[in-house]
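Chemist: Input file: model-v5.txt. Contents: compact mmCIF, C-alpha atoms.
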```
# COMPACT_ATOMS: atom_id res chain seq x y z
CA MET A 28 -7.41 -26.69 43.54
CA THR A 29 -9.62 -23.95 42.16
CA LYS A 30 -9.46 -23.72 38.39
CA LEU A 31 -8.52 -20.22 37.31
CA GLU A 32 -10.64 -18.76 34.54
CA MET A 33 -10.42 -15.60 32.48
CA PRO A 34 -13.15 -14.06 30.37
CA ARG A 35 -13.03 -14.94 26.69
CA LEU A 36 -13.82 -11.36 25.66
CA VAL A 37 -13.20 -8.02 27.34
CA GLU A 38 -13.78 -4.37 26.56
CA TRP A 39 -10.52 -2.50 26.91
CA HIS A 40 -11.76 1.01 26.17
CA ASN A 41 -8.65 2.55 27.64
CA GLY A 42 -7.94 6.26 27.35
CA GLU A 43 -9.77 8.47 24.85
CA GLU A 44 -10.61 7.80 21.23
CA VAL A 45 -8.05 9.33 18.88
CA ALA A 46 -8.79 11.24 15.70
CA GLY A 47 -7.20 9.61 12.66
CA PRO A 48 -6.40 11.45 9.45
CA PHE A 49 -9.97 11.36 8.16
CA SER A 50 -13.15 13.02 9.38
CA ASP A 51 -16.04 11.11 10.88
CA ALA A 52 -17.99 12.02 7.75
CA GLU A 53 -15.37 10.34 5.55
CA MET A 54 -15.37 7.16 7.63
CA ASP A 55 -19.16 7.17 7.66
CA ARG A 56 -19.11 7.50 3.86
CA ARG A 57 -17.03 4.34 3.54
CA GLN A 58 -19.20 2.32 5.89
CA THR A 59 -22.38 3.62 4.25
CA ALA A 60 -21.13 2.54 0.82
CA LEU A 61 -20.37 -0.87 2.24
CA ARG A 62 -23.80 -1.19 3.83
CA SER A 63 -25.43 -0.24 0.53
CA HIS A 64 -23.58 -3.08 -1.16
CA MET A 65 -24.56 -5.44 1.63
CA ALA A 66 -28.22 -4.51 1.24
CA GLU A 67 -28.10 -4.99 -2.53
CA GLN A 68 -26.49 -8.43 -2.14
CA ASP A 69 -28.60 -9.54 0.85
CA ILE A 70 -25.51 -9.77 3.09
CA ASP A 71 -26.33 -9.58 6.79
CA ALA A 72 -22.80 -8.84 8.06
CA CYS A 73 -19.26 -8.54 6.78
CA LEU A 74 -16.16 -9.90 8.52
CA PHE A 75 -13.00 -8.24 7.25
CA THR A 76 -9.69 -9.88 8.15
CA SER A 77 -7.15 -8.16 5.86
CA MET A 78 -5.07 -5.25 7.08
CA HIS A 79 -6.16 -3.11 4.15
CA ASN A 80 -9.92 -3.55 4.55
CA VAL A 81 -9.82 -3.40 8.34
CA GLY A 82 -7.79 -0.22 7.96
CA TYR A 83 -9.95 1.27 5.23
CA PHE A 84 -13.29 0.75 6.93
CA SER A 85 -12.27 1.16 10.59
CA GLY A 86 -9.13 3.34 10.65
CA PHE A 87 -7.28 0.72 12.72
CA ILE A 88 -4.11 -0.82 11.22
CA TYR A 89 -3.34 -3.97 13.14
CA CYS A 90 -0.02 -5.67 13.87
CA SER A 91 -0.75 -9.37 13.41
CA PHE A 92 2.33 -11.07 14.90
CA GLY A 93 0.61 -14.45 14.49
CA ARG A 94 -2.74 -13.36 15.94
CA ARG A 95 -6.02 -12.84 14.16
CA TYR A 96 -7.85 -9.55 13.75
CA GLY A 97 -11.14 -8.55 12.22
CA PHE A 98 -13.76 -5.88 11.65
CA VAL A 99 -17.43 -6.83 11.64
CA VAL A 100 -19.96 -4.52 10.00
CA ASP A 101 -23.72 -5.00 9.90
CA GLN A 102 -26.50 -2.51 9.21
CA ALA A 103 -26.47 -1.22 12.80
CA SER A 104 -22.90 -1.46 14.10
CA ALA A 105 -19.21 -1.73 13.27
CA THR A 106 -16.80 -3.46 15.65
CA SER A 107 -13.12 -4.28 15.44
CA ILE A 108 -11.85 -7.52 16.99
CA SER A 109 -8.37 -7.32 18.48
CA ALA A 110 -6.02 -9.30 20.69
CA GLY A 111 -5.36 -8.47 24.32
CA ILE A 112 -1.71 -7.77 23.60
CA ASP A 113 -2.72 -4.47 21.96
CA GLY A 114 -4.49 -3.04 25.01
CA GLY A 115 -6.83 -0.18 24.19
CA GLN A 116 -5.05 1.05 21.06
CA PRO A 117 -7.42 -0.72 18.62
CA TRP A 118 -10.43 0.88 20.31
CA ARG A 119 -8.81 4.30 20.30
CA MET A 120 -8.26 4.06 16.53
CA THR A 121 -11.49 2.32 15.45
CA HIS A 122 -14.35 4.27 13.89
CA GLY A 123 -16.89 2.16 15.71
CA ASP A 124 -16.70 -0.18 18.68
CA ASN A 125 -14.07 -2.71 19.69
CA VAL A 126 -14.02 -6.05 21.45
CA THR A 127 -10.82 -7.66 22.72
CA TYR A 128 -10.31 -11.41 22.92
CA THR A 129 -8.00 -12.97 25.47
CA ASP A 130 -5.38 -15.67 24.92
CA TRP A 131 -7.04 -17.95 27.47
CA ARG A 132 -8.49 -20.17 24.74
CA ARG A 133 -7.24 -20.65 21.20
CA ASP A 134 -10.66 -20.12 19.57
CA ASN A 135 -11.56 -16.85 21.30
CA PHE A 136 -11.30 -14.88 18.04
CA LEU A 137 -13.96 -17.11 16.52
CA PHE A 138 -16.03 -16.75 19.67
CA ALA A 139 -16.01 -12.98 19.13
CA VAL A 140 -17.03 -13.45 15.49
CA GLN A 141 -19.92 -15.68 16.56
CA GLY A 142 -21.25 -13.04 18.92
CA LEU A 143 -20.98 -10.22 16.39
CA THR A 144 -22.64 -12.19 13.56
CA LYS A 145 -25.42 -13.76 15.63
CA ASP A 146 -28.54 -14.46 13.52
CA ALA A 147 -26.69 -13.66 10.26
CA LYS A 148 -27.47 -16.00 7.37
CA ARG A 149 -25.09 -14.54 4.77
CA VAL A 150 -21.71 -13.18 5.89
CA GLY A 151 -19.32 -11.37 3.58
CA VAL A 152 -15.66 -12.37 3.83
CA GLU A 153 -12.54 -11.79 1.75
CA PHE A 154 -11.89 -14.92 -0.29
CA ASP A 155 -8.51 -13.54 -1.38
CA HIS A 156 -7.36 -13.22 2.23
CA LEU A 157 -8.70 -16.29 4.01
CA THR A 158 -6.40 -19.28 4.15
CA LEU A 159 -7.94 -22.71 3.64
CA ASP A 160 -7.55 -23.36 7.35
CA ASN A 161 -9.18 -20.09 8.43
CA HIS A 162 -12.02 -20.65 5.98
CA ARG A 163 -12.59 -24.12 7.43
CA GLN A 164 -12.64 -22.74 10.95
CA LEU A 165 -15.17 -20.07 10.00
CA VAL A 166 -17.43 -22.65 8.37
CA GLU A 167 -17.30 -24.75 11.53
CA ALA A 168 -17.84 -21.75 13.81
CA LEU A 169 -20.80 -20.42 11.81
CA PRO A 170 -22.91 -23.47 10.97
CA GLY A 171 -25.68 -22.80 8.48
CA VAL A 172 -24.14 -19.46 7.47
CA GLU A 173 -23.32 -18.83 3.82
CA LEU A 174 -19.93 -17.18 3.32
CA VAL A 175 -19.87 -14.89 0.29
CA ASP A 176 -17.01 -12.92 -1.18
CA VAL A 177 -16.77 -9.15 -0.65
CA GLY A 178 -13.06 -8.87 -1.44
CA ILE A 179 -13.57 -7.85 -5.07
CA ALA A 180 -16.41 -5.42 -4.38
CA THR A 181 -14.48 -3.63 -1.63
CA MET A 182 -11.40 -3.44 -3.85
CA TRP A 183 -13.43 -1.45 -6.37
CA MET A 184 -14.73 0.79 -3.58
CA ARG A 185 -11.16 1.57 -2.54
CA THR A 186 -10.02 2.44 -6.08
CA ILE A 187 -12.06 5.67 -6.11
CA LYS A 188 -10.58 8.13 -3.65
CA SER A 189 -12.41 10.89 -1.82
CA ASP A 190 -11.05 14.42 -1.64
CA GLU A 191 -9.80 13.71 1.89
CA GLU A 192 -7.95 10.63 0.69
CA ILE A 193 -6.37 12.55 -2.18
CA ASP A 194 -5.15 15.24 0.22
CA HIS A 195 -3.71 12.50 2.42
CA ILE A 196 -1.96 10.83 -0.50
CA ARG A 197 -0.63 14.21 -1.63
CA LEU A 198 0.99 14.65 1.80
CA GLY A 199 2.57 11.22 1.35
CA ALA A 200 3.99 12.22 -2.03
CA GLN A 201 5.44 15.41 -0.53
CA THR A 202 6.99 13.31 2.23
CA ALA A 203 8.53 10.98 -0.35
CA ASP A 204 10.08 13.98 -2.12
CA ILE A 205 11.71 14.95 1.18
CA GLY A 206 13.05 11.43 1.54
CA GLY A 207 14.39 11.56 -2.00
CA GLN A 208 16.32 14.74 -1.30
CA ALA A 209 17.75 13.24 1.89
CA CYS A 210 18.87 10.23 -0.14
CA PHE A 211 20.50 12.43 -2.75
CA ASP A 212 22.32 14.45 -0.11
CA ALA A 213 23.65 11.32 1.64
CA ILE A 214 25.05 9.60 -1.48
CA GLN A 215 28.80 9.48 -1.79
CA ALA A 216 31.29 6.96 -3.06
CA GLY A 217 32.29 4.82 -0.08
CA VAL A 218 29.02 5.29 1.83
CA PRO A 219 27.08 2.04 2.42
CA GLU A 220 23.57 1.64 1.09
CA HIS A 221 22.05 1.34 4.54
CA GLU A 222 23.37 4.72 5.67
CA VAL A 223 21.77 6.42 2.68
CA ALA A 224 18.49 4.62 3.38
CA LEU A 225 18.58 5.60 7.05
CA ALA A 226 18.98 9.28 6.18
CA SER A 227 15.94 9.11 3.93
CA THR A 228 13.72 7.22 6.36
CA GLN A 229 14.57 9.51 9.27
CA ALA A 230 13.75 12.60 7.20
CA MET A 231 10.38 11.15 6.17
CA VAL A 232 9.42 10.03 9.67
CA ARG A 233 10.22 13.46 11.07
CA HIS A 234 8.13 15.15 8.38
CA ILE A 235 5.17 12.86 9.06
CA ALA A 236 5.47 13.50 12.80
CA SER A 237 5.43 17.25 12.26
CA SER A 238 2.37 17.11 9.97
CA PHE A 239 -0.18 15.80 12.48
CA GLU A 240 -1.27 16.65 15.99
CA PHE A 241 -1.25 12.87 16.56
CA VAL A 242 0.05 10.16 14.26
CA GLU A 243 1.11 6.53 14.59
CA LEU A 244 4.62 6.31 13.16
CA MET A 245 4.96 2.85 11.71
CA ASP A 246 6.43 1.14 8.65
CA THR A 247 7.89 4.08 6.68
CA TRP A 248 10.93 2.71 4.89
CA THR A 249 13.51 3.22 2.14
CA TRP A 250 15.13 0.83 -0.30
CA PHE A 251 18.33 2.30 -1.68
CA GLN A 252 20.19 0.12 -4.17
CA SER A 253 23.47 0.42 -6.01
CA GLY A 254 25.16 -1.45 -8.85
CA VAL A 255 23.84 -4.96 -9.44
CA ASN A 256 21.40 -4.50 -6.54
CA THR A 257 19.32 -2.18 -8.75
CA ASP A 258 18.13 -5.13 -10.85
CA GLY A 259 14.99 -5.64 -8.74
CA ALA A 260 12.50 -2.97 -7.76
CA HIS A 261 12.00 -4.53 -4.32
CA ASN A 262 15.54 -5.60 -3.51
CA PRO A 263 16.41 -5.00 0.16
CA VAL A 264 18.96 -2.53 1.42
CA THR A 265 22.42 -4.01 1.97
CA ASN A 266 25.69 -2.82 3.45
CA LYS A 267 27.32 -2.64 0.00
CA LEU A 268 29.46 0.46 -0.45
CA VAL A 269 28.47 2.87 -3.20
CA GLU A 270 31.19 3.16 -5.85
CA ALA A 271 31.94 5.97 -8.26
CA GLY A 272 30.13 5.27 -11.53
CA ASP A 273 27.47 3.08 -9.87
CA ILE A 274 23.93 3.11 -11.14
CA LEU A 275 21.64 3.83 -8.17
CA SER A 276 17.95 3.48 -7.32
CA ILE A 277 16.22 5.44 -4.60
CA ASN A 278 12.88 4.09 -3.37
CA CYS A 279 11.25 6.23 -0.68
CA PHE A 280 8.08 4.86 0.89
CA PRO A 281 6.20 6.89 3.50
CA MET A 282 3.47 5.00 5.36
CA ILE A 283 0.86 7.30 6.91
CA PHE A 284 -2.08 5.67 8.71
CA GLY A 285 -1.86 2.68 6.40
CA TYR A 286 -1.52 4.70 3.19
CA TYR A 287 1.55 4.02 1.07
CA THR A 288 3.12 6.48 -1.33
CA ALA A 289 6.35 6.23 -3.27
CA LEU A 290 9.16 8.04 -5.00
CA GLU A 291 11.53 6.01 -7.19
CA ARG A 292 14.37 7.43 -9.22
CA THR A 293 17.43 6.35 -11.17
CA LEU A 294 20.68 8.13 -10.25
CA PHE A 295 24.39 7.69 -10.83
CA CYS A 296 27.28 8.29 -8.50
CA GLU A 297 29.58 10.95 -9.98
CA SER A 298 29.33 9.85 -13.63
CA ALA A 299 27.44 7.73 -16.14
CA GLY A 300 28.83 6.05 -19.26
CA ALA A 301 27.49 6.62 -22.75
CA GLU A 302 25.38 3.44 -22.87
CA HIS A 303 24.05 4.08 -19.38
CA LEU A 304 22.98 7.53 -20.48
CA ARG A 305 21.31 6.16 -23.62
CA LEU A 306 19.31 3.55 -21.72
CA TRP A 307 18.42 6.01 -18.99
CA GLN A 308 17.09 8.47 -21.56
CA VAL A 309 14.99 5.80 -23.27
CA ASN A 310 13.41 4.96 -19.92
CA VAL A 311 12.77 8.65 -19.27
CA ASP A 312 11.11 8.90 -22.69
CA VAL A 313 8.85 5.97 -21.83
CA HIS A 314 8.07 7.58 -18.47
CA GLU A 315 7.12 10.90 -20.05
CA ALA A 316 5.01 9.18 -22.71
CA GLY A 317 3.26 7.27 -19.94
CA LEU A 318 2.52 10.44 -17.99
CA GLU A 319 0.69 11.78 -21.04
CA LEU A 320 -1.37 8.60 -21.41
CA ILE A 321 -2.85 8.77 -17.91
CA LYS A 322 -6.32 10.26 -18.39
CA PRO A 323 -9.98 9.39 -17.80
CA GLY A 324 -11.19 6.64 -20.11
CA ALA A 325 -7.75 5.28 -20.94
CA ARG A 326 -7.59 1.49 -20.59
CA CYS A 327 -4.78 0.03 -18.52
CA MET A 328 -3.93 -2.54 -21.19
CA ASP A 329 -3.75 0.08 -23.94
CA ILE A 330 -1.32 2.19 -21.94
CA ALA A 331 0.90 -0.85 -21.45
CA SER A 332 0.78 -1.77 -25.15
CA THR A 333 1.66 1.75 -26.25
CA LEU A 334 4.66 1.93 -23.94
CA ASN A 335 5.76 -1.57 -24.91
CA GLN A 336 6.12 -0.35 -28.48
CA ILE A 337 8.57 2.38 -27.45
CA TYR A 338 10.76 -0.18 -25.71
CA ALA A 339 10.44 -2.51 -28.70
CA ASP A 340 11.54 0.26 -31.08
CA HIS A 341 14.79 0.42 -29.07
CA ASP A 342 15.09 -3.39 -28.81
CA LEU A 343 14.65 -3.16 -25.03
CA LEU A 344 11.24 -4.74 -24.44
CA GLN A 345 12.84 -8.00 -23.29
CA TYR A 346 14.36 -6.10 -20.36
CA ARG A 347 11.05 -4.82 -18.97
CA SER A 348 10.43 -6.55 -15.65
CA PHE A 349 6.90 -5.61 -14.45
CA GLY A 350 3.83 -3.47 -15.25
CA TYR A 351 3.83 0.27 -15.73
CA GLY A 352 1.99 1.36 -12.59
CA HIS A 353 -0.74 0.68 -10.07
CA SER A 354 -3.39 2.20 -7.85
CA PHE A 355 -2.52 3.96 -4.59
CA GLY A 356 -4.33 3.98 -1.27
CA VAL A 357 -4.46 1.58 1.68
CA LEU A 358 -1.61 -0.73 0.74
CA SER A 359 2.00 -1.49 1.53
CA HIS A 360 4.63 -4.17 1.02
CA TYR A 361 2.87 -6.10 3.81
CA TYR A 362 -0.69 -5.98 2.57
CA GLY A 363 -3.19 -4.75 0.05
CA ARG A 364 -3.42 -4.46 -3.69
CA GLU A 365 -6.10 -2.85 -5.81
CA ALA A 366 -5.42 -5.38 -8.52
CA GLY A 367 -8.14 -4.09 -10.83
CA VAL A 368 -6.11 -0.94 -11.53
CA GLU A 369 -2.67 -2.02 -12.70
CA LEU A 370 -1.14 -0.82 -15.93
CA ARG A 371 -0.62 -4.26 -17.45
CA GLU A 372 -1.49 -5.97 -20.70
CA ASP A 373 -4.09 -8.20 -19.05
CA ILE A 374 -6.10 -5.45 -17.27
CA ASP A 375 -8.93 -3.86 -19.28
CA THR A 376 -10.03 -1.37 -16.59
CA GLU A 377 -10.70 2.18 -17.76
CA LEU A 378 -9.12 4.90 -15.64
CA ALA A 379 -11.73 7.07 -13.95
CA PRO A 380 -11.97 10.28 -11.91
CA GLY A 381 -10.99 9.69 -8.30
CA MET A 382 -8.33 7.15 -9.16
CA VAL A 383 -4.72 7.69 -8.08
CA VAL A 384 -2.13 5.76 -10.07
CA SER A 385 1.60 5.61 -10.63
CA MET A 386 3.61 5.71 -13.80
CA GLU A 387 6.74 3.65 -13.18
CA PRO A 388 8.46 2.09 -16.18
CA MET A 389 11.50 -0.09 -15.49
CA ILE A 390 14.01 -2.02 -17.53
CA MET A 391 16.76 -4.26 -16.17
CA VAL A 392 19.87 -4.84 -18.28
CA PRO A 393 21.79 -7.89 -16.99
CA GLU A 394 25.35 -7.79 -15.70
CA GLY A 395 27.96 -8.23 -18.40
CA LEU A 396 26.07 -6.16 -20.97
CA PRO A 397 26.83 -2.52 -21.73
CA GLY A 398 24.79 -0.22 -19.52
CA ALA A 399 23.96 -2.98 -17.02
CA GLY A 400 21.59 -2.13 -14.19
CA GLY A 401 18.00 -1.32 -13.34
CA TYR A 402 16.42 1.91 -14.58
CA ARG A 403 13.18 3.14 -13.01
CA GLU A 404 11.27 6.40 -12.62
CA HIS A 405 8.05 6.77 -10.63
CA ASP A 406 5.47 9.54 -10.35
CA ILE A 407 2.01 9.54 -8.74
CA LEU A 408 -0.93 11.01 -10.65
CA VAL A 409 -4.40 12.02 -9.47
CA ILE A 410 -7.29 11.88 -11.94
CA HIS A 411 -9.69 14.65 -10.96
CA HIS A 412 -13.44 14.79 -11.57
CA ASP A 413 -13.06 17.68 -14.03
CA GLY A 414 -10.94 15.41 -16.23
CA SER A 415 -7.62 17.01 -15.33
CA VAL A 416 -4.65 14.95 -14.20
CA GLU A 417 -2.35 16.18 -11.44
CA ASN A 418 1.19 14.88 -10.98
CA ILE A 419 1.79 15.13 -7.22
CA THR A 420 5.44 14.01 -7.37
CA GLY A 421 7.90 16.88 -7.33
CA PHE A 422 11.38 15.32 -7.21
CA PRO A 423 13.16 15.72 -10.57
CA TYR A 424 14.19 12.83 -12.79
CA GLY A 425 16.68 12.16 -15.56
CA PRO A 426 20.37 12.70 -16.35
CA GLU A 427 20.17 16.47 -16.07
CA HIS A 428 19.30 16.25 -12.37
CA ASN A 429 20.33 12.93 -10.90
CA ILE A 430 24.03 12.40 -11.47
CA VAL A 431 25.27 12.93 -7.91
CA PRO A 432 28.45 15.03 -7.90
CA ALA A 433 31.56 13.94 -6.02
```
What would you get if you wrote out this structure as structure tokens?
Modeler:
Amino acid sequence: MTKLEMPRLVEWHNGEEVAGPFSDAEMDRRQTALRSHMAEQDIDACLFTSMHNVGYFSGFIYCSFGRRYGFVVDQASATSISAGIDGGQPWRMTHGDNVTYTDWRRDNFLFAVQGLTKDAKRVGVEFDHLTLDNHRQLVEALPGVELVDVGIATMWMRTIKSDEEIDHIRLGAQTADIGGQACFDAIQAGVPEHEVALASTQAMVRHIASSFEFVELMDTWTWFQSGVNTDGAHNPVTNKLVEAGDILSINCFPMIFGYYTALERTLFCESAGAEHLRLWQVNVDVHEAGLELIKPGARCMDIASTLNQIYADHDLLQYRSFGYGHSFGVLSHYYGREAGVELREDIDTELAPGMVVSMEPMIMVPEGLPGAGGYREHDILVIHHDGSVENITGFPYGPEHNIVPA
């Protein structure tokens, strides 16, 4: 019997390359900055495996589904590595070349890496993304090659946004505002959380679709929470019915070519009690104080400490559940985090022009106490090179606006 064989690698350059949201010049800028770092650190090639760095440097956002993906950059070329199940889509989206590995053998991904890093002595990888098993396999596949970390360096590259990125993020914030209004309009006593969330997500997806000649519509979502479900910022949508008097949280998250933006607001259904109103106003006061603190040169840890004191003055600091904000860019609930720019007590980073950060204070008062529930507001701010700070979130916040009438 003749043994059937398939090639280990193929070129599925199917269709025509598709323009993503950024110009060729912008994508070249990113790869050039990377190559400069590689030259300074004597790195012959980089192998990116995370969704955020593959997306940032190539424009291709992969869907893993248990398979491995990568993007290899050296001084002469840039090539994404994708699985056959994706057909030609990775090539169409990659700023560079693409090679596809087949499922015929389990180690075909590594075979592709070997070919693309041939003669390399130092290869940059993301230590914060490689599992122990994947690291072991790379070491075995690349004998004599030194693996060095580029995860931290590329994180800092991503924290400073170009003008094109800022425009893209601004579109995301506008989309989130549309989702917020759709949420507001869908809220009624007796309506389940998931129906409110669906109204928001559909409005955002339609707006994204109408904003581009071509766009991949993937992963935009909404978390809408009511009552006790507001106690966590990332609690999933349920089928719980909204009740009159419920505290509510809307969380609208457009995803546009891998870029996440957000709108988060506290609301109430029909009415709010006196203690709810007091706690809500304190959180609004913290939010507004935080908005004023976002400026070039401000240290993340100092912002957190200043806002902590406001909560402490109201004996509410013990109810704060996470930091006050974070960087925006190529990230989502699936991947990515520019951990060097988070507004927390243990981060000493100074805010700088080109950064885009949120201000999102939250307190959670446990069930059984007056005013129980989670209170959170969230705006996105751009720090411009002239020193000005632009709030790109437009949806209103606070008791004056967000008590939903019957």
Chemist: Interatomic distance between CA of Val37 (chain A) and CA of Gln141 (chain A)?
Modeler: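 Computed distance, CA of Val37 (chain A) to CA of Gln141 (chain A), equals 14.8 Å.
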Chemist: So what do you get for CA of Leu244 (chain A) versus CA of Thr288 (chain A), distance-wise?
Modeler: 14.6 Å
Chemist: May I ask which of the residues A:Glu369, A:Glu67, A:Glu427, A:Asp113 is the closest one to Leu294 (chain A), counting only C-alpha atoms?
Modeler: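 Using only C-alpha atoms, the shortest distance to Leu294 (chain A) belongs to A:Glu427.
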Chemist: Excluding Ala60 (chain A) and any residue of its chain fewer than 5 positions from it, enumerate the residues within 12 Å of it, using all atoms listed in the file, and give them as a list of chain:residue names.
Modeler: A:Glu53, A:Met54, A:Asp55, A:Met65, A:Ala66, A:Glu67, A:Phe84, A:Val100, A:Gln102, A:Ala180, A:Thr181, A:Trp183, A:Met184, A:Arg185, A:Ile187
Chemist: By how many Å are CA of Phe422 (chain A) and CA of Ala339 (chain A) apart?
Modeler: 27.9 Å
Chemist: List the neighbours of Met386 (chain A) out to 7 Å using all atoms listed in the file; skip same-chain residues closer than 6 positions along the sequence, and give me the result as a list in words.
Modeler: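 Selected residues are His314, Gly317, Leu318, Tyr351, Gly352, His405, Asp406 and Ile407 of chain A.
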Chemist: Leaving out Asp342 (chain A) and any residue of its chain fewer than 3 positions from it, which residues lie within 12 Å of it when counting all atoms listed in the file, given as a list in words?
Modeler: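 Residues near the query, excluding close chain neighbours: Leu306, Val309, Asn335, Gln336, Ile337, Tyr338, Ala339, Gln345, Tyr346, Arg347, Ile390 and Val392 of chain A.
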Chemist: From the set A:Ala203, A:Ile193, A:Ile88, A:Leu143, which residue has the shortest atom-to-atom contact distance to Gln116 (chain A), counting all atoms listed in the file?
Modeler: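 Of the candidates, the smallest distance to Gln116 (chain A) is held by A:Ile88.
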Chemist: Can you list, as a PyMOL selection string, every protein, DNA or RNA residue that comes within 6 Å of Val269 (chain A) when you count all atoms listed in the file, leaving out same-chain residues fewer than 3 positions away?
Modeler: chain A and resi 216-219
Chemist: Restricting the calculation to all atoms listed in the file: of A:Ala110, A:Val311, A:Leu159, A:Leu320, which residue gets closest to Leu408 (chain A)?
Modeler: A:Leu320
Chemist: Tell me, as a PyMOL selection string, which residues lie within 9 Å of Arg94 (chain A), counting all atoms listed in the file; anything in the same chain fewer than 2 positions away does not count.
Modeler: chain A and resi 90-92+96+109-110+136
Chemist: My list of candidates is A:Asn161, A:Gly398, A:Ile70, A:Lys188. Which is closest to Asp146 (chain A) when distances are computed with all atoms listed in the file?
Modeler: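 Using all atoms listed in the file, Asp146 (chain A) sits closest to A:Ile70.
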Chemist: Edge lengths and centre, in Å to one decimal, as JSON: that's what I need for the box along x, y and z that holds all listed atoms of region 61-65 of chain A plus 5 Å on each side.
Modeler:
```
{"center_x": -22.9, "center_y": -2.8, "center_z": 1.3, "size_x": 15.1, "size_y": 15.2, "size_z": 15.0}
```
Chemist: From the list A:Asp212, A:Val264, A:Phe138, A:Leu157, which residue is nearest Leu169 (chain A) when using all atoms listed in the file?
Modeler: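 Ranked by minimum distance to Leu169 (chain A), first place goes to A:Phe138.
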Chemist: In the coordinates of the file, take the point (27.9, -0.1, 4.7) and a cut-off of 8 Å; then, counting all atoms listed in the file, name each qualifying protein, DNA or RNA residue as number ranges by chain.
Modeler: A: 218-222, 265-268
Chemist: Of the candidates A:Ser107, A:Asn310, A:Thr249, A:Ser298, which shows the shortest atom-to-atom distance to Val126 (chain A), using all atoms listed in the file?
Modeler: A:Ser107
Chemist: Dig up all the protein and nucleic acid residues within 12 Å of (-10.8, 17.4, 8.4) in the file frame, using only C-alpha atoms, and format them as a ChimeraX atom specification.
Modeler: /A:46-54,190-192,194-195,239
